[in-house]
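Novice: Coordinates in data.csv, CSV, C-alpha atoms, are listed below.
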```csv
chain,number,residue,atom,x,y,z
A,27,MET,CA,75.4,103.1,101.1
A,28,LYS,CA,71.7,102.6,101.6
A,29,GLY,CA,71.7,98.9,100.6
A,30,ARG,CA,73.8,95.9,101.6
A,31,PRO,CA,77.3,96.2,100.1
A,32,ILE,CA,78.8,93.0,101.6
A,33,LEU,CA,75.8,90.9,100.4
A,34,GLY,CA,76.1,92.7,97.0
A,35,ALA,CA,79.8,92.0,96.6
A,36,ILE,CA,79.6,88.3,97.6
A,37,SER,CA,76.4,87.4,95.7
A,38,GLY,CA,77.5,89.5,92.8
A,39,PHE,CA,80.8,87.6,92.6
A,40,LEU,CA,79.0,84.3,92.8
A,41,PHE,CA,76.4,85.4,90.2
A,42,GLY,CA,79.1,86.5,87.7
A,43,PHE,CA,81.2,83.3,88.3
A,44,LEU,CA,78.3,81.0,88.0
A,45,LEU,CA,77.0,82.9,85.0
A,46,GLY,CA,80.3,82.3,83.3
A,47,VAL,CA,80.4,78.6,84.2
A,48,SER,CA,76.8,78.2,83.0
A,49,LEU,CA,77.6,79.9,79.7
A,50,PHE,CA,80.5,77.5,79.2
A,51,LEU,CA,78.5,74.4,80.2
A,52,TRP,CA,75.7,75.4,77.8
A,53,GLY,CA,78.2,75.8,75.0
A,54,VAL,CA,77.9,79.6,74.6
A,55,ILE,CA,81.5,80.5,75.4
A,56,PRO,CA,84.8,78.5,75.2
A,57,LEU,CA,86.8,77.5,78.2
A,58,HIS,CA,89.5,80.0,77.6
A,59,SER,CA,87.1,82.9,77.3
A,60,ASP,CA,88.0,86.0,79.2
A,61,PHE,CA,84.4,86.2,80.3
A,62,LEU,CA,85.2,83.6,82.9
A,63,TRP,CA,87.2,86.1,84.9
A,64,ILE,CA,85.5,89.3,83.7
A,65,LEU,CA,82.0,88.3,84.7
A,66,PRO,CA,82.8,87.8,88.4
A,67,LEU,CA,84.4,91.2,88.5
A,68,LEU,CA,81.4,92.7,86.8
A,69,GLY,CA,79.2,90.9,89.3
A,70,ILE,CA,81.0,92.5,92.2
A,71,VAL,CA,80.6,95.9,90.6
A,72,LEU,CA,76.9,95.2,89.9
A,73,GLY,CA,76.3,94.0,93.5
A,74,LEU,CA,78.0,97.2,94.9
A,75,ALA,CA,76.1,99.4,92.5
A,76,MET,CA,72.8,97.8,93.6
A,77,ALA,CA,73.8,98.4,97.2
A,78,TRP,CA,74.6,102.0,96.5
A,79,TRP,CA,71.5,102.6,94.4
A,80,ALA,CA,69.2,100.6,96.7
A,81,PRO,CA,66.1,100.9,94.6
A,82,PHE,CA,64.0,98.4,96.6
A,83,GLY,CA,62.3,98.9,100.0
A,84,ARG,CA,61.1,101.9,102.0
A,85,SER,CA,62.7,105.3,101.2
A,86,SER,CA,64.8,106.7,104.1
A,87,GLU,CA,63.7,110.2,103.1
A,88,GLN,CA,60.2,109.9,104.5
A,89,PRO,CA,59.0,112.8,106.7
A,90,ALA,CA,59.5,112.4,110.4
A,91,PRO,CA,56.4,111.1,112.2
A,92,VAL,CA,54.3,113.8,114.0
A,93,THR,CA,54.5,113.3,117.8
A,94,SER,CA,52.4,114.9,120.4
A,95,PRO,CA,54.2,117.0,123.0
A,96,THR,CA,55.0,115.2,126.2
A,97,VAL,CA,55.3,116.5,129.8
A,98,GLU,CA,59.1,116.4,129.7
A,99,SER,CA,59.2,118.5,126.6
A,100,MET,CA,57.3,121.3,128.2
A,101,ASP,CA,59.2,124.3,129.7
A,102,PRO,CA,59.0,124.1,133.5
A,103,GLU,CA,59.3,127.9,133.8
A,104,THR,CA,56.2,128.5,131.8
A,105,PRO,CA,53.3,128.9,134.2
A,106,GLU,CA,50.5,126.5,133.6
A,107,PRO,CA,47.3,128.3,132.5
A,108,GLY,CA,45.1,128.7,135.5
A,109,PRO,CA,41.4,129.3,135.8
A,110,THR,CA,40.3,132.5,134.3
A,111,ASP,CA,37.9,134.6,136.3
B,20,MET,CA,71.8,111.3,90.6
B,21,HIS,CA,72.2,107.8,91.9
B,22,ARG,CA,70.0,106.3,89.2
B,23,ARG,CA,72.1,108.1,86.6
B,24,VAL,CA,75.3,106.7,88.0
B,25,ALA,CA,73.9,103.2,88.2
B,26,THR,CA,72.6,103.4,84.7
B,27,VAL,CA,76.0,104.5,83.5
B,28,LEU,CA,77.6,101.5,85.4
B,29,LEU,CA,75.2,99.1,83.8
B,30,LEU,CA,75.7,100.5,80.3
B,31,GLY,CA,79.5,100.3,80.8
B,32,MET,CA,79.2,96.6,81.8
B,33,LEU,CA,77.0,95.9,78.8
B,34,THR,CA,79.6,97.6,76.6
B,35,VAL,CA,82.4,95.5,77.9
B,36,VAL,CA,80.4,92.3,77.4
B,37,LEU,CA,79.5,93.3,73.8
B,38,VAL,CA,83.0,94.2,72.9
B,39,GLY,CA,84.2,90.8,74.3
B,40,VAL,CA,81.6,89.0,72.3
B,41,LEU,CA,82.2,90.8,69.0
B,42,ALA,CA,86.0,90.6,69.3
B,43,ILE,CA,86.5,86.9,68.9
B,44,PRO,CA,89.9,86.5,67.2
B,45,ALA,CA,90.4,84.4,64.1
B,46,ALA,CA,93.8,82.6,64.2
B,47,ALA,CA,96.2,80.2,62.6
B,48,GLU,CA,96.2,76.6,63.8
B,49,ILE,CA,99.8,75.3,63.4
B,50,THR,CA,101.3,78.2,65.2
B,51,ARG,CA,104.9,77.2,65.1
B,52,GLY,CA,107.0,75.0,62.8
B,53,ASP,CA,106.2,72.9,59.8
B,54,CYS,CA,104.9,69.8,61.7
B,55,ARG,CA,101.9,67.8,60.6
B,56,GLY,CA,99.6,65.6,62.6
B,57,ALA,CA,96.2,64.0,62.7
B,58,ALA,CA,94.0,61.9,65.0
B,59,THR,CA,91.4,59.5,63.7
B,60,PHE,CA,88.3,58.6,65.6
B,61,PRO,CA,87.0,55.4,63.8
B,62,ASP,CA,83.9,55.1,66.0
B,63,LYS,CA,82.5,58.5,64.8
B,64,SER,CA,80.0,58.4,62.0
B,65,THR,CA,81.0,61.8,60.6
B,66,ASP,CA,83.9,64.2,61.0
B,67,ARG,CA,86.3,61.4,62.0
B,68,ILE,CA,89.6,63.1,61.5
B,69,LEU,CA,91.0,65.8,63.7
B,70,ASP,CA,93.8,67.4,61.7
B,71,ALA,CA,96.4,69.8,63.2
B,72,ALA,CA,95.7,72.2,60.4
B,73,ARG,CA,92.0,72.4,61.3
B,74,PRO,CA,90.8,76.0,61.9
B,75,LYS,CA,90.6,76.9,65.6
B,76,SER,CA,87.1,78.2,65.0
B,77,ASP,CA,85.9,74.8,63.8
B,78,VAL,CA,85.1,72.9,67.0
B,79,PHE,CA,85.8,69.2,66.9
B,80,GLU,CA,83.4,67.1,68.9
B,81,ALA,CA,85.2,64.2,70.6
B,82,PRO,CA,83.3,61.3,72.1
B,83,LEU,CA,83.4,60.5,75.8
B,84,SER,CA,85.6,57.4,75.2
B,85,ALA,CA,87.4,56.2,72.1
B,86,THR,CA,90.4,54.5,70.7
B,87,VAL,CA,92.2,57.1,68.6
B,88,GLY,CA,94.7,56.5,65.8
B,89,TYR,CA,97.3,59.2,65.6
B,90,SER,CA,100.2,60.1,63.3
B,91,GLY,CA,102.6,63.0,63.1
B,92,ASP,CA,105.9,64.2,61.7
B,93,LEU,CA,108.2,67.2,62.0
B,94,GLY,CA,107.4,68.4,58.4
B,95,PRO,CA,107.9,67.5,54.8
B,96,SER,CA,111.6,68.3,54.8
B,97,ALA,CA,112.5,66.5,58.0
B,98,GLU,CA,114.9,63.5,57.7
B,99,PRO,CA,115.8,60.8,60.2
B,100,SER,CA,119.2,61.5,61.8
B,101,ASP,CA,122.1,59.1,62.5
B,102,GLU,CA,122.3,60.0,66.1
B,103,GLU,CA,119.5,60.1,68.6
B,104,ILE,CA,118.1,63.6,69.3
B,105,SER,CA,116.4,64.4,72.5
B,106,PHE,CA,112.8,65.6,72.4
B,107,GLU,CA,110.1,66.8,74.7
B,108,GLY,CA,106.5,67.9,74.3
B,109,GLY,CA,103.1,68.0,75.8
B,110,VAL,CA,99.4,68.8,75.5
B,111,VAL,CA,98.1,72.0,77.1
B,112,ILE,CA,94.6,73.1,77.8
B,113,ARG,CA,94.1,76.9,77.6
B,114,LEU,CA,92.2,78.4,80.5
B,115,PRO,CA,91.4,82.1,81.1
B,116,ARG,CA,94.7,83.9,81.7
B,117,MET,CA,96.6,80.6,82.2
B,118,SER,CA,97.3,77.2,80.7
B,119,TRP,CA,97.3,73.7,82.1
B,120,GLN,CA,99.5,70.9,80.7
B,121,ILE,CA,97.6,67.6,81.0
B,122,VAL,CA,100.1,65.3,79.1
B,123,GLY,CA,103.9,65.5,78.7
B,124,TRP,CA,106.5,63.4,77.0
B,125,SER,CA,110.3,63.3,76.5
B,126,GLY,CA,113.0,61.0,75.3
B,127,ALA,CA,115.5,60.6,72.5
B,128,THR,CA,115.0,59.2,69.0
B,129,LYS,CA,116.5,59.2,65.5
B,130,GLU,CA,113.0,59.3,63.9
B,131,VAL,CA,111.1,62.4,62.8
B,132,SER,CA,107.7,60.9,62.8
B,133,ASP,CA,105.5,58.7,64.9
B,134,SER,CA,102.1,56.9,64.8
B,135,GLY,CA,100.1,54.6,66.9
B,136,SER,CA,96.8,54.4,68.8
B,137,TYR,CA,95.6,55.7,72.2
B,138,THR,CA,92.6,54.7,74.2
B,139,TYR,CA,90.9,57.1,76.6
B,140,ASP,CA,87.7,56.9,78.7
B,141,LEU,CA,86.5,60.0,80.4
B,142,PRO,CA,84.2,59.7,83.4
B,143,ASP,CA,80.4,60.0,82.8
B,144,PHE,CA,80.2,63.2,84.9
B,145,THR,CA,82.4,65.0,82.4
B,146,PRO,CA,80.5,68.1,81.1
B,147,GLN,CA,79.2,67.4,77.5
B,148,GLY,CA,78.1,69.8,74.8
B,149,THR,CA,80.1,72.6,76.4
B,150,GLY,CA,81.9,75.5,74.7
B,151,GLY,CA,85.1,74.5,73.0
B,152,MET,CA,88.3,73.8,74.8
B,153,GLN,CA,91.4,75.1,73.1
B,154,VAL,CA,94.1,72.4,73.2
B,155,THR,CA,97.7,73.1,72.2
B,156,ALA,CA,100.1,70.3,71.3
B,157,TRP,CA,103.8,71.3,71.4
B,158,HIS,CA,106.9,69.3,70.5
B,159,ASN,CA,110.6,70.4,70.8
B,160,HIS,CA,112.8,68.1,68.8
B,161,GLY,CA,116.4,69.1,69.5
B,162,GLY,CA,115.6,72.7,69.2
B,163,THR,CA,113.1,72.4,66.3
B,164,VAL,CA,109.8,73.5,67.9
B,165,CYS,CA,106.3,72.6,66.6
B,166,GLU,CA,103.0,73.8,68.0
B,167,ALA,CA,99.5,73.2,66.8
B,168,VAL,CA,96.2,74.4,68.3
B,169,VAL,CA,92.8,72.7,67.9
B,170,THR,CA,89.4,73.4,69.6
B,171,VAL,CA,87.7,70.4,71.1
B,172,SER,CA,84.4,69.8,73.0
B,173,ILE,CA,83.0,66.5,74.3
B,174,SER,CA,80.0,65.5,72.2
B,175,GLY,CA,76.6,65.3,73.9
B,176,SER,CA,74.0,67.6,75.4
B,177,PRO,CA,74.3,69.6,78.6
B,178,GLY,CA,73.1,67.5,81.5
B,179,GLY,CA,72.1,67.9,85.1
B,180,VAL,CA,75.3,69.8,85.9
B,181,ALA,CA,74.4,72.6,83.5
B,182,VAL,CA,70.8,72.8,84.7
B,183,GLY,CA,72.0,72.9,88.3
B,184,ALA,CA,74.5,75.6,87.5
B,185,ALA,CA,71.8,77.7,85.8
B,186,ALA,CA,69.5,77.3,88.9
B,187,VAL,CA,72.2,78.4,91.3
B,188,THR,CA,73.1,81.3,89.0
B,189,VAL,CA,69.5,82.5,89.3
B,190,LEU,CA,69.7,82.2,93.1
B,191,ALA,CA,72.9,84.3,93.1
B,192,GLY,CA,71.3,86.8,90.8
B,193,ALA,CA,68.4,87.1,93.3
B,194,GLY,CA,71.0,87.7,96.1
B,195,THR,CA,72.6,90.4,94.0
B,196,LEU,CA,69.2,92.1,93.6
B,197,ALA,CA,68.5,91.7,97.3
B,198,ALA,CA,71.6,93.8,98.0
B,199,GLY,CA,69.6,96.7,96.6
B,200,ARG,CA,67.1,96.5,99.4
B,201,ARG,CA,67.3,99.5,101.7
B,202,LYS,CA,68.5,98.9,105.3
B,203,PRO,CA,65.8,99.5,107.9
```
As C-alpha coordinates, please, write out the structure in this file.

Specialist:
Amino acid sequence: MKGRPILGAISGFLFGFLLGVSLFLWGVIPLHSDFLWILPLLGIVLGLAMAWWAPFGRSSEQPAPVTSPTVESMDPETPEPGPTD
Amino acid sequence: MHRRVATVLLLGMLTVVLVGVLAIPAAAEITRGDCRGAATFPDKSTDRILDAARPKSDVFEAPLSATVGYSGDLGPSAEPSDEEISFEGGVVIRLPRMSWQIVGWSGATKEVSDSGSYTYDLPDFTPQGTGGMQVTAWHNHGGTVCEAVVTVSISGSPGGVAVGAAAVTVLAGAGTLAAGRRKP
(Lines of atoms letter the chains of each structure in order from A and count residues from 1; the text may use other names and numbers.)
(Lines give C-alpha, C1' and ligand atoms only; values in the text may rest on other atoms or scores of the structure.)
Protein backbone atom coordinates (compact mmCIF):
# COMPACT_ATOMS: atom_id res chain seq x y z
CA MET A 1 0.00 0.00 0.00
CA LYS A 2 1.22 3.44 -0.88
CA GLY A 3 -0.77 5.24 1.80
CA ARG A 4 -1.30 4.73 5.54
CA PRO A 5 -3.50 1.68 6.16
CA ILE A 6 -3.42 1.75 10.00
CA LEU A 7 -4.43 5.40 10.07
CA GLY A 8 -7.08 4.61 7.45
CA ALA A 9 -8.57 1.70 9.40
CA ILE A 10 -8.69 3.54 12.74
CA SER A 11 -9.89 6.90 11.46
CA GLY A 12 -12.28 5.20 9.04
CA PHE A 13 -13.86 3.21 11.88
CA LEU A 14 -14.19 6.36 13.99
CA PHE A 15 -15.59 8.28 11.02
CA GLY A 16 -18.25 5.65 10.33
CA PHE A 17 -19.15 5.22 14.00
CA LEU A 18 -19.40 8.95 14.65
CA LEU A 19 -21.30 9.47 11.40
CA GLY A 20 -23.89 6.92 12.58
CA VAL A 21 -24.12 8.53 16.02
CA SER A 22 -24.49 11.97 14.44
CA LEU A 23 -27.22 10.75 12.09
CA PHE A 24 -29.10 9.38 15.12
CA LEU A 25 -28.58 12.52 17.20
CA TRP A 26 -29.82 14.71 14.34
CA GLY A 27 -32.93 12.56 13.95
CA VAL A 28 -32.06 11.05 10.58
CA ILE A 29 -31.96 7.38 11.58
CA PRO A 30 -33.56 5.49 14.50
CA LEU A 31 -31.57 3.95 17.34
CA HIS A 32 -32.08 0.40 16.09
CA SER A 33 -30.89 1.21 12.58
CA ASP A 34 -28.40 -1.23 11.08
CA PHE A 35 -26.44 1.78 9.86
CA LEU A 36 -25.02 2.10 13.36
CA TRP A 37 -22.92 -1.02 12.81
CA ILE A 38 -22.69 -0.96 9.00
CA LEU A 39 -21.19 2.53 8.81
CA PRO A 40 -18.13 1.73 11.00
CA LEU A 41 -17.39 -1.29 8.81
CA LEU A 42 -17.80 0.80 5.67
CA GLY A 43 -15.52 3.40 7.27
CA ILE A 44 -12.79 0.80 7.75
CA VAL A 45 -13.17 -0.27 4.12
CA LEU A 46 -13.07 3.36 3.00
CA GLY A 47 -9.95 4.08 5.07
CA LEU A 48 -8.15 1.02 3.69
CA ALA A 49 -9.27 1.89 0.15
CA MET A 50 -7.88 5.40 0.59
CA ALA A 51 -4.59 3.99 1.86
CA TRP A 52 -4.40 1.61 -1.09
CA TRP A 53 -5.37 4.23 -3.67
CA ALA A 54 -3.27 7.01 -2.07
CA PRO A 55 -4.39 9.79 -4.41
CA PHE A 56 -2.70 12.58 -2.43
CA GLY A 57 0.94 13.60 -2.20
CA ARG A 58 3.96 13.01 -4.44
CA SER A 59 3.88 10.15 -6.89
CA SER A 60 6.40 7.38 -6.18
CA GLU A 61 6.80 6.72 -9.90
CA GLN A 62 8.91 9.83 -10.54
CA PRO A 63 12.08 9.37 -12.62
CA ALA A 64 15.27 8.82 -10.66
CA PRO A 65 17.29 12.00 -10.20
CA VAL A 66 20.27 12.42 -12.55
CA THR A 67 23.58 12.21 -10.65
CA SER A 68 27.01 13.05 -11.89
CA PRO A 69 29.60 10.25 -11.86
CA THR A 70 31.81 10.08 -8.80
CA VAL A 71 35.41 8.94 -8.44
CA GLU A 72 34.32 5.64 -6.81
CA SER A 73 32.07 4.80 -9.71
CA MET A 74 34.89 5.02 -12.23
CA ASP A 75 36.65 1.85 -13.37
CA PRO A 76 40.18 1.83 -11.84
CA GLU A 77 41.51 -0.25 -14.74
CA THR A 78 40.61 2.35 -17.24
CA PRO A 79 43.64 4.54 -17.87
CA GLU A 80 43.13 8.14 -17.29
CA PRO A 81 43.38 10.19 -20.42
CA GLY A 82 46.81 11.67 -20.58
CA PRO A 83 48.14 14.62 -22.43
CA THR A 84 48.04 14.27 -26.17
CA ASP A 85 51.09 15.18 -28.14
CA MET B 1 -6.39 0.23 -12.25
CA HIS B 2 -6.28 1.41 -8.62
CA ARG B 3 -8.68 4.23 -9.37
CA ARG B 4 -11.11 1.82 -10.95
CA VAL B 5 -11.04 -0.51 -7.93
CA ALA B 6 -11.47 2.40 -5.52
CA THR B 7 -14.39 3.71 -7.57
CA VAL B 8 -16.03 0.28 -7.51
CA LEU B 9 -15.55 0.11 -3.73
CA LEU B 10 -17.09 3.53 -3.22
CA LEU B 11 -20.02 2.73 -5.51
CA GLY B 12 -20.57 -0.53 -3.63
CA MET B 13 -20.67 1.31 -0.33
CA LEU B 14 -23.14 3.84 -1.71
CA THR B 15 -25.33 1.00 -2.98
CA VAL B 16 -25.40 -0.62 0.46
CA VAL B 17 -26.34 2.71 2.04
CA LEU B 18 -29.12 3.35 -0.48
CA VAL B 19 -30.54 -0.15 -0.11
CA GLY B 20 -30.58 0.30 3.65
CA VAL B 21 -32.34 3.66 3.40
CA LEU B 22 -34.97 2.49 0.95
CA ALA B 23 -35.71 -0.81 2.68
CA ILE B 24 -37.29 0.60 5.84
CA PRO B 25 -39.78 -2.04 6.96
CA ALA B 26 -43.42 -1.33 7.69
CA ALA B 27 -44.69 -3.42 10.57
CA ALA B 28 -47.47 -4.33 12.96
CA GLU B 29 -47.49 -2.74 16.40
CA ILE B 30 -49.10 -5.22 18.78
CA THR B 31 -46.90 -8.03 17.67
CA ARG B 32 -48.24 -10.79 19.94
CA GLY B 33 -51.53 -11.38 21.78
CA ASP B 34 -54.75 -9.36 22.08
CA CYS B 35 -53.61 -7.00 24.81
CA ARG B 36 -54.46 -3.32 24.84
CA GLY B 37 -52.66 -0.45 26.49
CA ALA B 38 -52.18 3.30 26.46
CA ALA B 39 -50.19 5.99 28.22
CA THR B 40 -51.48 9.54 28.61
CA PHE B 41 -49.18 12.56 28.85
CA PRO B 42 -51.47 15.28 30.29
CA ASP B 43 -48.83 18.03 30.10
CA LYS B 44 -48.50 17.79 26.31
CA SER B 45 -50.57 20.22 24.27
CA THR B 46 -51.05 17.86 21.33
CA ASP B 47 -50.69 14.15 20.68
CA ARG B 48 -51.17 13.30 24.36
CA ILE B 49 -52.00 9.60 24.10
CA LEU B 50 -49.50 6.91 23.24
CA ASP B 51 -51.58 3.89 22.32
CA ALA B 52 -50.07 0.43 21.96
CA ALA B 53 -51.78 0.14 18.57
CA ARG B 54 -49.98 3.22 17.27
CA PRO B 55 -48.06 2.48 14.06
CA LYS B 56 -44.37 1.96 14.60
CA SER B 57 -43.61 4.40 11.83
CA ASP B 58 -45.46 7.16 13.74
CA VAL B 59 -42.87 8.48 16.18
CA PHE B 60 -44.28 9.65 19.52
CA GLU B 61 -42.45 12.60 21.07
CA ALA B 62 -42.20 12.26 24.83
CA PRO B 63 -41.17 15.16 27.06
CA LEU B 64 -38.00 15.09 29.14
CA SER B 65 -40.06 14.69 32.30
CA ALA B 66 -43.73 13.90 32.90
CA THR B 67 -46.30 12.16 35.05
CA VAL B 68 -47.88 9.56 32.84
CA GLY B 69 -51.23 7.87 33.33
CA TYR B 70 -51.27 4.31 32.04
CA SER B 71 -53.83 1.57 31.58
CA GLY B 72 -53.75 -1.87 30.02
CA ASP B 73 -55.48 -5.22 29.86
CA LEU B 74 -54.93 -8.65 28.41
CA GLY B 75 -57.64 -8.24 25.80
CA PRO B 76 -61.41 -7.96 25.40
CA SER B 77 -62.06 -11.62 26.21
CA ALA B 78 -59.83 -11.83 29.29
CA GLU B 79 -61.65 -12.43 32.59
CA PRO B 80 -60.33 -12.20 36.16
CA SER B 81 -59.51 -15.62 37.61
CA ASP B 82 -60.33 -17.12 41.03
CA GLU B 83 -56.74 -18.04 41.70
CA GLU B 84 -53.69 -15.90 41.44
CA ILE B 85 -51.74 -16.30 38.23
CA SER B 86 -48.06 -15.48 38.07
CA PHE B 87 -46.93 -12.89 35.56
CA GLU B 88 -43.75 -11.25 34.35
CA GLY B 89 -42.92 -8.57 31.85
CA GLY B 90 -40.67 -5.73 30.90
CA VAL B 91 -39.80 -2.85 28.62
CA VAL B 92 -37.04 -3.37 26.09
CA ILE B 93 -35.22 -0.83 23.91
CA ARG B 94 -34.16 -2.14 20.54
CA LEU B 95 -30.54 -1.46 19.62
CA PRO B 96 -28.68 -2.48 16.46
CA ARG B 97 -28.40 -6.29 16.53
CA MET B 98 -29.41 -6.47 20.22
CA SER B 99 -31.96 -5.40 22.81
CA TRP B 100 -31.70 -3.83 26.25
CA GLN B 101 -34.36 -4.39 28.93
CA ILE B 102 -34.66 -1.21 30.98
CA VAL B 103 -37.64 -2.13 33.20
CA GLY B 104 -38.96 -5.47 34.43
CA TRP B 105 -41.82 -6.64 36.60
CA SER B 106 -43.17 -9.89 38.02
CA GLY B 107 -45.67 -11.13 40.57
CA ALA B 108 -49.01 -12.90 40.86
CA THR B 109 -52.54 -11.54 40.48
CA LYS B 110 -56.15 -12.49 39.83
CA GLU B 111 -56.69 -9.38 37.70
CA VAL B 112 -56.30 -9.08 33.95
CA SER B 113 -55.95 -5.30 33.79
CA ASP B 114 -54.05 -2.55 35.54
CA SER B 115 -53.89 1.24 35.59
CA GLY B 116 -52.08 3.96 37.49
CA SER B 117 -49.60 6.75 37.08
CA TYR B 118 -45.84 6.88 36.72
CA THR B 119 -43.52 9.86 37.06
CA TYR B 120 -40.17 10.05 35.31
CA ASP B 121 -37.52 12.75 35.00
CA LEU B 122 -34.72 12.25 32.51
CA PRO B 123 -31.43 14.13 33.02
CA ASP B 124 -30.94 17.32 31.01
CA PHE B 125 -28.07 15.86 28.99
CA THR B 126 -30.36 13.24 27.45
CA PRO B 127 -30.20 13.69 23.65
CA GLN B 128 -33.34 15.36 22.35
CA GLY B 129 -34.82 15.48 18.88
CA THR B 130 -33.03 12.28 17.93
CA GLY B 131 -34.19 9.52 15.66
CA GLY B 132 -36.84 7.24 17.10
CA MET B 133 -36.18 4.57 19.71
CA GLN B 134 -38.17 1.40 19.23
CA VAL B 135 -39.57 0.36 22.60
CA THR B 136 -41.14 -3.05 23.14
CA ALA B 137 -43.37 -3.79 26.13
CA TRP B 138 -43.96 -7.49 26.79
CA HIS B 139 -46.08 -9.27 29.38
CA ASN B 140 -46.44 -12.98 30.10
CA HIS B 141 -49.54 -13.71 32.17
CA GLY B 142 -49.48 -17.40 33.05
CA GLY B 143 -48.45 -18.37 29.55
CA THR B 144 -50.58 -15.78 27.76
CA VAL B 145 -48.01 -13.54 26.07
CA CYS B 146 -48.59 -9.98 24.91
CA GLU B 147 -46.12 -7.77 23.11
CA ALA B 148 -46.49 -4.23 21.77
CA VAL B 149 -43.97 -2.03 19.98
CA VAL B 150 -43.95 1.76 19.83
CA THR B 151 -41.42 4.27 18.53
CA VAL B 152 -40.51 7.11 20.87
CA SER B 153 -38.13 10.07 20.80
CA ILE B 154 -37.49 12.76 23.38
CA SER B 155 -38.96 16.06 22.22
CA GLY B 156 -36.64 19.01 21.70
CA SER B 157 -33.95 20.02 19.28
CA PRO B 158 -30.47 18.54 18.94
CA GLY B 159 -28.15 20.42 21.27
CA GLY B 160 -24.44 20.77 21.86
CA VAL B 161 -23.89 17.02 21.94
CA ALA B 162 -25.11 16.68 18.35
CA VAL B 163 -23.00 19.64 17.19
CA GLY B 164 -19.94 18.22 18.94
CA ALA B 165 -20.52 14.80 17.40
CA ALA B 166 -20.78 16.37 13.94
CA ALA B 167 -17.54 18.30 14.47
CA VAL B 168 -15.63 15.20 15.61
CA THR B 169 -17.09 13.31 12.65
CA VAL B 170 -15.57 15.88 10.28
CA LEU B 171 -12.20 15.48 12.02
CA ALA B 172 -12.36 11.69 11.67
CA GLY B 173 -13.30 12.14 8.01
CA ALA B 174 -10.23 14.30 7.54
CA GLY B 175 -8.14 11.55 9.15
CA THR B 176 -9.62 9.03 6.72
CA LEU B 177 -8.68 11.25 3.79
CA ALA B 178 -5.21 11.69 5.25
CA ALA B 179 -4.74 7.92 5.00
CA GLY B 180 -4.67 8.47 1.25
CA ARG B 181 -1.48 10.51 1.46
CA ARG B 182 1.50 8.71 -0.03
CA LYS B 183 4.29 7.65 2.27
CA PRO B 184 7.54 9.57 1.65

Novice: Compile a residue-level contact table for range 27-56 of chain A against range 196-200 of chain B at a cut-off of 10 Å, reporting for every qualifying residue the shortest atom pair and its distance in Å to one decimal, with only C-alpha atoms counted, rows ordered by chain and ascending number, as a tab-separated table.

Specialist:
```
residue	atom	partner	partner_atom	distance
A:Met27	CA	B:Gly199	CA	9.7
A:Lys28	CA	B:Arg200	CA	8.0
A:Gly29	CA	B:Gly199	CA	5.0
A:Arg30	CA	B:Ala198	CA	4.7
A:Pro31	CA	B:Ala198	CA	6.5
A:Ile32	CA	B:Ala198	CA	8.1
A:Leu33	CA	B:Ala198	CA	5.6
A:Gly34	CA	B:Ala198	CA	4.7
A:Ala35	CA	B:Ala198	CA	8.5
A:Ile36	CA	B:Ala198	CA	9.7
A:Ser37	CA	B:Ala198	CA	8.3
A:Gly38	CA	B:Leu196	CA	8.7
```

Novice: What residues in chain B lie within 9 Å of chain A, counting all atoms listed in the file, written as an mmCIF file with C-alpha atoms, in the frame of the given file?

Specialist:
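See part_3.cif below for the written result:
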```
data_model
loop_
_atom_site.group_PDB
_atom_site.id
_atom_site.type_symbol
_atom_site.label_atom_id
_atom_site.label_comp_id
_atom_site.auth_asym_id
_atom_site.auth_seq_id
_atom_site.Cartn_x
_atom_site.Cartn_y
_atom_site.Cartn_z
ATOM 1 C CA HIS B 21 72.200 107.800 91.900
ATOM 2 C CA ARG B 22 70.000 106.300 89.200
ATOM 3 C CA VAL B 24 75.300 106.700 88.000
ATOM 4 C CA ALA B 25 73.900 103.200 88.200
ATOM 5 C CA LEU B 28 77.600 101.500 85.400
ATOM 6 C CA LEU B 29 75.200 99.100 83.800
ATOM 7 C CA MET B 32 79.200 96.600 81.800
ATOM 8 C CA VAL B 36 80.400 92.300 77.400
ATOM 9 C CA GLY B 39 84.200 90.800 74.300
ATOM 10 C CA VAL B 40 81.600 89.000 72.300
ATOM 11 C CA ILE B 112 94.600 73.100 77.800
ATOM 12 C CA ARG B 113 94.100 76.900 77.600
ATOM 13 C CA LEU B 114 92.200 78.400 80.500
ATOM 14 C CA PRO B 115 91.400 82.100 81.100
ATOM 15 C CA ARG B 116 94.700 83.900 81.700
ATOM 16 C CA MET B 117 96.600 80.600 82.200
ATOM 17 C CA SER B 118 97.300 77.200 80.700
ATOM 18 C CA PRO B 146 80.500 68.100 81.100
ATOM 19 C CA GLN B 147 79.200 67.400 77.500
ATOM 20 C CA GLY B 148 78.100 69.800 74.800
ATOM 21 C CA THR B 149 80.100 72.600 76.400
ATOM 22 C CA GLY B 150 81.900 75.500 74.700
ATOM 23 C CA GLY B 151 85.100 74.500 73.000
ATOM 24 C CA MET B 152 88.300 73.800 74.800
ATOM 25 C CA GLN B 153 91.400 75.100 73.100
ATOM 26 C CA THR B 170 89.400 73.400 69.600
ATOM 27 C CA SER B 172 84.400 69.800 73.000
ATOM 28 C CA SER B 176 74.000 67.600 75.400
ATOM 29 C CA PRO B 177 74.300 69.600 78.600
ATOM 30 C CA GLY B 178 73.100 67.500 81.500
ATOM 31 C CA VAL B 180 75.300 69.800 85.900
ATOM 32 C CA ALA B 181 74.400 72.600 83.500
ATOM 33 C CA VAL B 182 70.800 72.800 84.700
ATOM 34 C CA GLY B 183 72.000 72.900 88.300
ATOM 35 C CA ALA B 184 74.500 75.600 87.500
ATOM 36 C CA ALA B 185 71.800 77.700 85.800
ATOM 37 C CA VAL B 187 72.200 78.400 91.300
ATOM 38 C CA THR B 188 73.100 81.300 89.000
ATOM 39 C CA VAL B 189 69.500 82.500 89.300
ATOM 40 C CA LEU B 190 69.700 82.200 93.100
ATOM 41 C CA ALA B 191 72.900 84.300 93.100
ATOM 42 C CA GLY B 192 71.300 86.800 90.800
ATOM 43 C CA ALA B 193 68.400 87.100 93.300
ATOM 44 C CA GLY B 194 71.000 87.700 96.100
ATOM 45 C CA THR B 195 72.600 90.400 94.000
ATOM 46 C CA LEU B 196 69.200 92.100 93.600
ATOM 47 C CA ALA B 197 68.500 91.700 97.300
ATOM 48 C CA ALA B 198 71.600 93.800 98.000
ATOM 49 C CA GLY B 199 69.600 96.700 96.600
ATOM 50 C CA ARG B 200 67.100 96.500 99.400
ATOM 51 C CA ARG B 201 67.300 99.500 101.700
ATOM 52 C CA LYS B 202 68.500 98.900 105.300
ATOM 53 C CA PRO B 203 65.800 99.500 107.900
#
```

Novice: Between CA of Leu141 in chain B and CA of Val78 in chain B, what is the spacing in Å?

Specialist: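 Distance between the two atoms: 18.7 Å.
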
Novice: How far is it from CA of Thr163 in chain B to CA of Ala57 in chain B, in Å with one decimal?

Specialist: 19.2 Å

Novice: Using Å and a single decimal, report how far CA of Ser125 in chain B sits from CA of Gly108 in chain B.

Specialist: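 Pair CA of Gly108 in chain B / CA of Ser125 in chain B returns 6.4 Å.
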
Novice: Skip range 81-98 of chain B itself and residues of its chain fewer than 3 positions away, then list as JSON, numbers by chain all residues within 7 Å of it, counting only C-alpha atoms.

Specialist: {"B": [53, 54, 55, 56, 57, 58, 59, 60, 131, 132, 133, 134, 135, 136, 137, 138, 139, 140, 141, 171, 172, 173, 174]}

Novice: Out of B:Val169, B:Val164, B:Val110, B:Val154, which residue has the shortest atom-to-atom distance to Gly52 in chain B when counting all atoms listed in the file?

Specialist: B:Val164
